[in-house]
Amino acid sequence: MRKLAIFSLMGVFIIAGTPAWADFDAGLAAYKKNDFDTAIKEWRPLAEKGDAKSQYYLGSLYYYGFGVSQDYSKAIFWFKKASDQGESSAQLCMGLMCYNGQGMDLNPNQAAYWFRKAAEQGSAQAQHHLGHLCATGMSGKKDIVEGYMWFSLAADGNYKPAVVRRDEIAKQMTPQQLAEAQRLAREWKPDKTK
């Protein structure tokens with residue numbers, strides 16, 4: 001099984017409504033300077049109080065071993081807390097760790113669960129990975145129509161690997177399947193309630 005890479009874990013996100021914005025910003029500024037000790041000092045109290053973005057970033061530090069010993073169990077702990085609050089970046093990471101068997105057994109079904117959560121919120125990378133699981137049947141029933149739909153949405157979200165996968169899978173589809181997949185992609189709307 002090919003491992004999926006975790007991309008842009010530490011991307012900059014717009015965060016609204018964080019009560020301790022200055023502390024989060026101080027952590028982010030420290031992170032950008034490779035001052036991981038300060039980043040941890042700023043993010044850990046926020047994460048412990050339930051701030052999903054801080055939980056996600058703290059999990060990322062443990063995932064990569066920045067400022068701490070690399071520890072997939074601790075990364076999962078923080079990613080799960082953030083994921084349960086609807087943090088799509090953490091859900092994507094949970095999916096990738098389940099898919100790759102990092103800190104846990106390989107579990108394509110659980111990976112699909114987390115990818116779907118993030119994909120439904122519009123994460124192009126999660127949409128691509130969910131498309132792969134659907135198109136190959138790795139997490140259950142093979143569904144090339146749904147696979148195409150997710151690849152198409154990821155491609156529309158500028159996730160370049162999805163363009164190739166979408167075009168490859170289209171060659172395997174009947175005209176009716178392709179028309180249905182394209183209709184589903186056109187009608188799809190992200191879930192903004194999470």
# chains A, B, ... in the order shown; residues from 1 in each chain; ligands from 1
$ residues_around --residues "range 169-186 of chain A" --least-positions-apart "6" --cutoff "12 Å" --atoms "only C-alpha atoms" --output "PDB file with C-alpha atoms, in the first residue's frame"
ATOM      1  CA  GLN A 127     -11.507  15.069  -1.533  1.00  0.00           C
ATOM      2  CA  GLY A 131     -11.850   9.822  -4.361  1.00  0.00           C
ATOM      3  CA  HIS A 132      -8.958   7.356  -4.369  1.00  0.00           C
ATOM      4  CA  CYS A 134     -13.940   5.229  -3.506  1.00  0.00           C
ATOM      5  CA  ALA A 135     -12.470   4.564  -6.950  1.00  0.00           C
ATOM      6  CA  THR A 136     -10.328   1.661  -5.770  1.00  0.00           C
ATOM      7  CA  ASP A 143     -17.728   3.347  -6.634  1.00  0.00           C
ATOM      8  CA  ILE A 144     -16.065   5.020  -9.613  1.00  0.00           C
ATOM      9  CA  VAL A 145     -18.903   7.539  -9.962  1.00  0.00           C
ATOM     10  CA  GLU A 146     -18.320   8.836  -6.438  1.00  0.00           C
ATOM     11  CA  GLY A 147     -14.559   8.586  -6.956  1.00  0.00           C
ATOM     12  CA  TYR A 148     -14.794  10.750 -10.073  1.00  0.00           C
ATOM     13  CA  MET A 149     -16.996  13.250  -8.242  1.00  0.00           C
ATOM     14  CA  TRP A 150     -14.450  13.689  -5.432  1.00  0.00           C
ATOM     15  CA  PHE A 151     -11.504  13.879  -7.869  1.00  0.00           C
ATOM     16  CA  SER A 152     -13.402  16.501  -9.857  1.00  0.00           C
ATOM     17  CA  LEU A 153     -14.119  18.586  -6.766  1.00  0.00           C
ATOM     18  CA  ALA A 154     -10.482  18.331  -5.665  1.00  0.00           C
ATOM     19  CA  ALA A 155      -9.348  19.391  -9.146  1.00  0.00           C
ATOM     20  CA  ASP A 156     -11.721  22.367  -8.971  1.00  0.00           C
ATOM     21  CA  GLY A 157     -10.075  23.180  -5.623  1.00  0.00           C
ATOM     22  CA  ALA A 162      -6.663  15.141  -8.711  1.00  0.00           C
ATOM     23  CA  VAL A 163      -6.752  16.363 -12.321  1.00  0.00           C
TER      24      VAL A 163
END
$ closest_residue --among "A:Leu28, A:Asp37, A:Lys80, A:Glu87" --to "Ala52 in chain A" --atoms "only C-alpha atoms"
A:Glu87
$ closest_residue --among "A:Asp35, A:His128, A:Asp25, A:Phe77" --to "Lys160 in chain A" --atoms "only C-alpha atoms"
A:His128
$ select_by_dssp --residues "chain A" --states "helix (DSSP H, G or I)" --output "number ranges by chain"
A: 21-32, 36-48, 52-64, 72-84, 88-100, 108-119, 124-136, 144-156, 160-170, 175-187
$ closest_residue --among "A:Tyr57, A:Trp188, A:Trp78, A:Tyr72" --to "Glu120 in chain A" --atoms "only C-alpha atoms"
A:Trp188
$ atom_distance --atom1 "CA of Gly59 in chain A" --atom2 "CA of Asn109 in chain A"
21.9 Å
$ atom_distance --atom1 "CA of Arg44 in chain A" --atom2 "CA of Phe66 in chain A"
13.8 Å
$ residues_around --residues "range 91-97 of chain A" --least-positions-apart "3" --cutoff "6 Å" --atoms "only C-alpha atoms" --output "PyMOL selection string"
chain A and resi 83+88+100-102+111+114-115+118+126
$ atom_distance --atom1 "CA of Gly137 in chain A" --atom2 "CA of Gly122 in chain A"
21.8 Å
$ residues_around --residues "Ala39 in chain A" --least-positions-apart "4" --cutoff "9 Å" --atoms "only C-alpha atoms" --output "PyMOL selection string"
chain A and resi 24+26-31+34-35+43-44+58+67
$ write_last_selection --atoms "N, CA and C atoms" --output "mmCIF file, in the first residue's frame"
data_model
loop_
_atom_site.group_PDB
_atom_site.id
_atom_site.type_symbol
_atom_site.label_atom_id
_atom_site.label_comp_id
_atom_site.auth_asym_id
_atom_site.auth_seq_id
_atom_site.Cartn_x
_atom_site.Cartn_y
_atom_site.Cartn_z
ATOM 1 N N PHE A 24 -2.306 32.750 20.250
ATOM 2 C CA PHE A 24 -2.186 31.898 19.076
ATOM 3 C C PHE A 24 -1.228 32.533 18.075
ATOM 4 N N ALA A 26 1.154 34.615 18.664
ATOM 5 C CA ALA A 26 2.518 34.544 19.186
ATOM 6 C C ALA A 26 3.105 33.164 18.910
ATOM 7 N N GLY A 27 2.294 32.125 19.062
ATOM 8 C CA GLY A 27 2.750 30.774 18.746
ATOM 9 C C GLY A 27 3.071 30.613 17.277
ATOM 10 N N LEU A 28 2.219 31.169 16.422
ATOM 11 C CA LEU A 28 2.439 31.069 14.983
ATOM 12 C C LEU A 28 3.692 31.841 14.565
ATOM 13 N N ALA A 29 3.876 33.024 15.131
ATOM 14 C CA ALA A 29 5.076 33.811 14.826
ATOM 15 C C ALA A 29 6.333 33.053 15.267
ATOM 16 N N ALA A 30 6.262 32.440 16.441
ATOM 17 C CA ALA A 30 7.411 31.658 16.921
ATOM 18 C C ALA A 30 7.675 30.473 16.010
ATOM 19 N N TYR A 31 6.605 29.802 15.598
ATOM 20 C CA TYR A 31 6.763 28.651 14.699
ATOM 21 C C TYR A 31 7.482 29.067 13.409
ATOM 22 N N ASN A 34 11.041 29.082 13.616
ATOM 23 C CA ASN A 34 11.580 27.804 14.111
ATOM 24 C C ASN A 34 11.826 27.818 15.609
ATOM 25 N N ASP A 35 11.121 28.684 16.332
ATOM 26 C CA ASP A 35 11.190 28.735 17.789
ATOM 27 C C ASP A 35 10.043 27.871 18.317
ATOM 28 N N TRP A 43 0.722 27.534 22.417
ATOM 29 C CA TRP A 43 -0.404 26.732 21.929
ATOM 30 C C TRP A 43 -0.929 25.716 22.934
ATOM 31 N N ARG A 44 -0.038 25.145 23.767
ATOM 32 C CA ARG A 44 -0.490 24.090 24.683
ATOM 33 C C ARG A 44 -1.622 24.558 25.603
ATOM 34 N N LEU A 58 -0.611 21.885 17.604
ATOM 35 C CA LEU A 58 0.172 21.120 18.577
ATOM 36 C C LEU A 58 0.342 19.680 18.090
ATOM 37 N N GLY A 67 10.344 20.630 18.048
ATOM 38 C CA GLY A 67 10.362 21.123 19.414
ATOM 39 C C GLY A 67 10.043 20.063 20.455
#
$ closest_residue --among "A:Met104, A:Gln121, A:Gly86, A:Asp23" --to "Pro45 in chain A" --atoms "only C-alpha atoms"
A:Asp23
